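One structure below.
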Amino acid sequence: MYFTMEDGWLQRIMSSIATISLVWVMLSRYLETFNLNEYISILTSKLFGYFYPYIHIKFPEQGGDKLKRSEAYTAIEEYLGTICVAKGKRFKAEIRKENKNWDLSMDDKEEIIDNFNGIKFWWVSNSQAKQNTSISFYPSSDVKRYYRLTFHRQHREVGYIKYLNHVIETGKKEAIKKRQRKLYTNNPEERGYREKLWIHVPFEHPSTFETLAMDPNQKREIIDDLVMFSRNKDYYKRIGKAWKRGYLLYGPPGTGKSSMIAAMANFLDYSIYDLELTAVKNNSMLRKLLIATEGKSIIVIEDIDCSLDVTEKRKKAKKKKSKEEEEKDEIKGKKKDDNDSKVTLSGLLNFIDGLWSACGGERLIIFTTNHVKKLDPALIRRGRMDKHIELSYCGFEAFKVLAYNYLDIKQHPLFAEVENLMAEVKITPADVAENLIPKHRLGEEEDATICLENLIQTLVEFKANPILEDLESDDDDDEKREKETIKKEDEDKEEEN
Ligand SMILES: Nc1ncnc2c1ncn2[C@@H]1O[C@H](COP(=O)(O)OP(=O)(O)OP(=O)(O)O)[C@@H](O)[C@H]1O
Ligand SMILES: [Mg+2]
């Protein structure tokens with residue numbers, strides 16, 4: 001076999017290709033052995049960096065702990081909101097209900113150039129879809145948002161320190177100025193995403209300490225306590241205590257417990273997290289909810305005795321359920337109250353003063369109850385619930401506040417009669433208030449007289465037929481009732497099976 005002219009060409013091309021491939025394979029093996037690939041890529045980026053004069057800083061929305069929105073991101077958002085009107089072209093607009101103003105912020109993929117001390121800073125807002133590696137039934141619309149700041153490296157000192165401090169400080173001030181307080185409640189359909197743990201509406205309750213009818217000394221004491229708490233960040237730090245305070249509000253229905261919580265929130269300018277404990281699945285969800293709350297807020301658990309098995313006697317009665325009965329249940333394959341919330345007393349105690357409760361700070365935790373004596377002492381011991389406040393039946397001083405609020409009067413000839421009756425009759429502020437709302441508008445004086453006459457009539461009726469009992473004195477009755485309830489529950493379950 002021999003080659004023609006064309007064959008010679010072909011042979012030479014083929015042998016060159018083979019030689020090049022061989023060299024390439026050998027070279028890449030050599031590079032791999034000494035990790036030179038990586039070295040080359042670092043070198044390339046260094047080389048590129050040498051000629052590229054700009055510095056980029058990325059501020060992701062989600063902070064390092066994955067549970068909270070990054071503080072820097074929020075502050076930057078507010079800061080850019082203040083400059084975007086003058087410097088941007090595309091905005092996102094929202095209306096703030098409280099002050100009825102438009103609130104403009106930078107739209108996605110928008111760029112703004114800011115000037116600081118004669119230096120240019122470029123801001124871009126951007127987002128990228130989250131790469132979800134897990135398979136979920138729930139569609140996830142999550143995106144990773146971030147801001148990117150760019151400036152010339154010759155201004156690195158101003159950029160890193162002065163400019164960024166200026167942005168964060170201005171942003172934080174703006175956020176406080178615009179802060180719209182919210183009333184949150186835990187989402188019963190929570191699926192674990194932070195955004196969905198709490199749902200909220202703007203907090204607009206009108207109750208204040210001025211409108212709250214109660215003993216003036218008690219009111220003064222509570223206000224002083226709140227002021228001390230809110231101003232004493234450094235004091236709490238010095239004594240090594242988390243910056244939070246627990247209040248237990250107790251008293252009969254209609255004595256102003258919920259109104260007081262709203263008054264506290266208005267006084268301190270805090271948001272409220274109204275925690276529905278029965279909708280919380282377990283202790284770990286309770287912890288997640290706690291972490292997702294923000295500072296400057298009040299966490300409220302209303303009617304704590306109804307929300308959880310924290311009453312002393314019910315626990316004792318349950319203990320009395322014999323071992324044999326429990327074994328019988330097990331044989332029958334009875335499940336342990338699957339529908340019940342699995343939040344336990346210890347979970348709740350951890351919520352109040354465990355390690356997690358210290359994150360965030362500046363929070364009040366308030367429990368309300370109509371039956372204070374039934375609560376487990378561990379739950380309400382001092383230090384956990386720092387202050388116990390009793391809201392009780394309406395006294396004459398409290399009545400005068402209501403008369404002023406509802407009828408705009410400070411004195412009236414019928415006041416003396418009201419005072420005498422109130423000394424003898426137990427009536428809640430809610431019942432008094434009900435009588436002080438004029439049914440027909442006839443004129444201020446007439447309205448006041450009619451309302452006070454109605455109130456006197458109600459007081460006389462209450463005196464003759466006191467329908468309100470002292471809720472704390474019927475302990476034995478309660479115990480009997482609870483035992484009966486437990487017995488009935490067990491019977492019902494047996495019937496079902
Ligand atoms: N101390 C009070 N001062 C002013 N208004 C009051 C007071 N107590 C009750 N009221 C009036 O009665 C209504 C019911 O009061 P509130 O809901 O605060 O009572 P509560 O103690 O929370 O009752 P419950 O134990 O049933 O939750 C309020 O809307 C308010 O108008
Ligand atoms: Mg209430």
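Chain labels A, B, ... are given in the sequence in which chains occur in the structure tokens; within each chain residues are numbered consecutively from 1, and ligands are likewise numbered from 1 in the order shown.
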Can you tell me which residues sit at most 7 Å away from ligand 1, counting only C-alpha atoms and all ligand atoms, written as a list in words?
Thr211, Leu212, Ala213, Met214, Gly251, Pro252, Pro253, Gly254, Thr255, Gly256, Lys257, Ser258, Ser259, Met260, Thr369, Asn370, Leu402, Thr428, Pro429, Ala430 and Ala433 of chain A
File dump, residues just selected, C-alpha atoms, as a compact mmCIF listing (two decimals), in the first residue's frame:
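Final output, part12.txt:
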```txt
# COMPACT_ATOMS: atom_id res chain seq x y z
CA THR A 211 -59.48 56.53 78.40
CA LEU A 212 -58.77 53.58 80.69
CA ALA A 213 -60.99 53.58 83.75
CA MET A 214 -59.10 52.35 86.80
CA GLY A 251 -59.72 39.95 86.57
CA PRO A 252 -63.34 39.22 85.63
CA PRO A 253 -64.53 39.59 82.04
CA GLY A 254 -65.15 43.18 80.94
CA THR A 255 -62.75 44.86 83.36
CA GLY A 256 -60.41 46.19 80.68
CA LYS A 257 -57.60 43.63 80.24
CA SER A 258 -57.61 43.79 76.45
CA SER A 259 -58.16 47.56 76.56
CA MET A 260 -55.09 47.88 78.78
CA THR A 369 -56.80 35.33 82.56
CA ASN A 370 -60.11 35.41 84.39
CA LEU A 402 -65.79 56.74 81.97
CA THR A 428 -67.61 45.86 85.57
CA PRO A 429 -66.40 48.95 83.66
CA ALA A 430 -67.87 47.30 80.54
CA ALA A 433 -69.77 51.96 79.86
```
Test item: residues at most 8 Å from Lys342 in chain A, only C-alpha atoms, excluding those fewer than 3 positions along its chain, as an MDAnalysis selection string
chainID A and resid 280:283
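In this comparison, which uses only C-alpha atoms and all ligand atoms, the residue of A:Asp274, A:Glu61, A:Glu204, A:Glu78 approaching ligand 2 most closely is A:Asp274.
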Using only C-alpha atoms, which residues sit within 9 Å of range 149-165 of chain A once same-chain residues fewer than 5 positions away are excluded, as a PyMOL selection string?
chain A and resi 53-59+116-117+119-124+170
What parts of range 150-326 of chain A does DSSP call alpha helix (DSSP H)? I'd like the answer as a ChimeraX atom specification.
/A:156-157,164-178,194-197,216-231,233-238,257-268,283-291,304-307,312-320,323-326
Straight-line distance linking CA of Leu455 in chain A with CA of Thr368 in chain A, stated in Å to one decimal:
27.8 Å
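In this model, the gap between CA of Asp305 in chain A and CA of His200 in chain A comes to 24.7 Å.
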Which residues are close to Glu77 in chain A, i.e. within 12 Å by only C-alpha atoms, leaving aside same-chain residues fewer than 3 positions away? Reply as number ranges by chain.
A: 59-61, 69-74, 80-84, 92, 103-108, 123-125, 145-148, 167-168, 170-172, 174-175
Output of the above residues as a short mmCIF file (atom, residue, chain, number, x, y, z; two decimals), in the first residue's frame, restricted to C-alpha atoms:
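As written to disk, part_15.cif reads:
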```
data_model
loop_
_atom_site.label_atom_id
_atom_site.label_comp_id
_atom_site.auth_asym_id
_atom_site.auth_seq_id
_atom_site.Cartn_x
_atom_site.Cartn_y
_atom_site.Cartn_z
CA PHE A 59 -26.59 43.08 50.53
CA PRO A 60 -28.94 40.08 50.52
CA GLU A 61 -32.43 40.42 51.98
CA ARG A 69 -34.74 39.82 57.28
CA SER A 70 -31.33 41.43 57.24
CA GLU A 71 -31.28 44.70 59.17
CA ALA A 72 -28.85 46.20 56.65
CA TYR A 73 -31.22 45.36 53.78
CA THR A 74 -34.18 47.00 55.54
CA LEU A 80 -33.06 54.41 48.91
CA GLY A 81 -36.74 55.22 49.41
CA THR A 82 -35.70 58.70 50.55
CA ILE A 83 -33.51 59.39 47.51
CA CYS A 84 -35.31 57.46 44.79
CA LYS A 92 -42.96 50.64 43.78
CA ASP A 103 -44.63 55.44 50.24
CA LEU A 104 -42.32 55.07 47.24
CA SER A 105 -39.46 52.62 46.99
CA MET A 106 -37.06 51.53 44.26
CA ASP A 107 -38.46 49.05 41.75
CA ASP A 108 -36.70 45.75 40.93
CA TRP A 123 -27.20 51.13 43.72
CA VAL A 124 -29.02 48.35 41.88
CA SER A 125 -31.96 46.39 43.28
CA ARG A 145 -33.61 39.85 46.74
CA TYR A 146 -30.52 41.91 47.12
CA TYR A 147 -29.06 45.36 46.64
CA ARG A 148 -25.69 45.81 44.98
CA VAL A 167 -26.88 54.95 54.66
CA ILE A 168 -27.63 52.73 57.66
CA THR A 170 -30.49 57.54 57.71
CA GLY A 171 -32.36 54.34 56.80
CA LYS A 172 -33.00 53.41 60.42
CA GLU A 174 -36.57 56.82 58.31
CA ALA A 175 -37.91 53.39 59.33
#
```
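What separates CA of Asp431 in chain A from CA of Phe462 in chain A is a distance of 10.6 Å.
Summary of the local environment: counting only C-alpha atoms, residues at most 12 Å from Asn420 in chain A, other than itself and those fewer than 6 positions away along its chain, are Gly395, Phe396, Leu414, Ile456, Leu459, Val460 and Lys463 of chain A.
Distances here use only C-alpha atoms; by that measure, the residue among A:Tyr250, A:Glu169, A:Ser271, A:Ser127 closest to Val372 in chain A is A:Tyr250.
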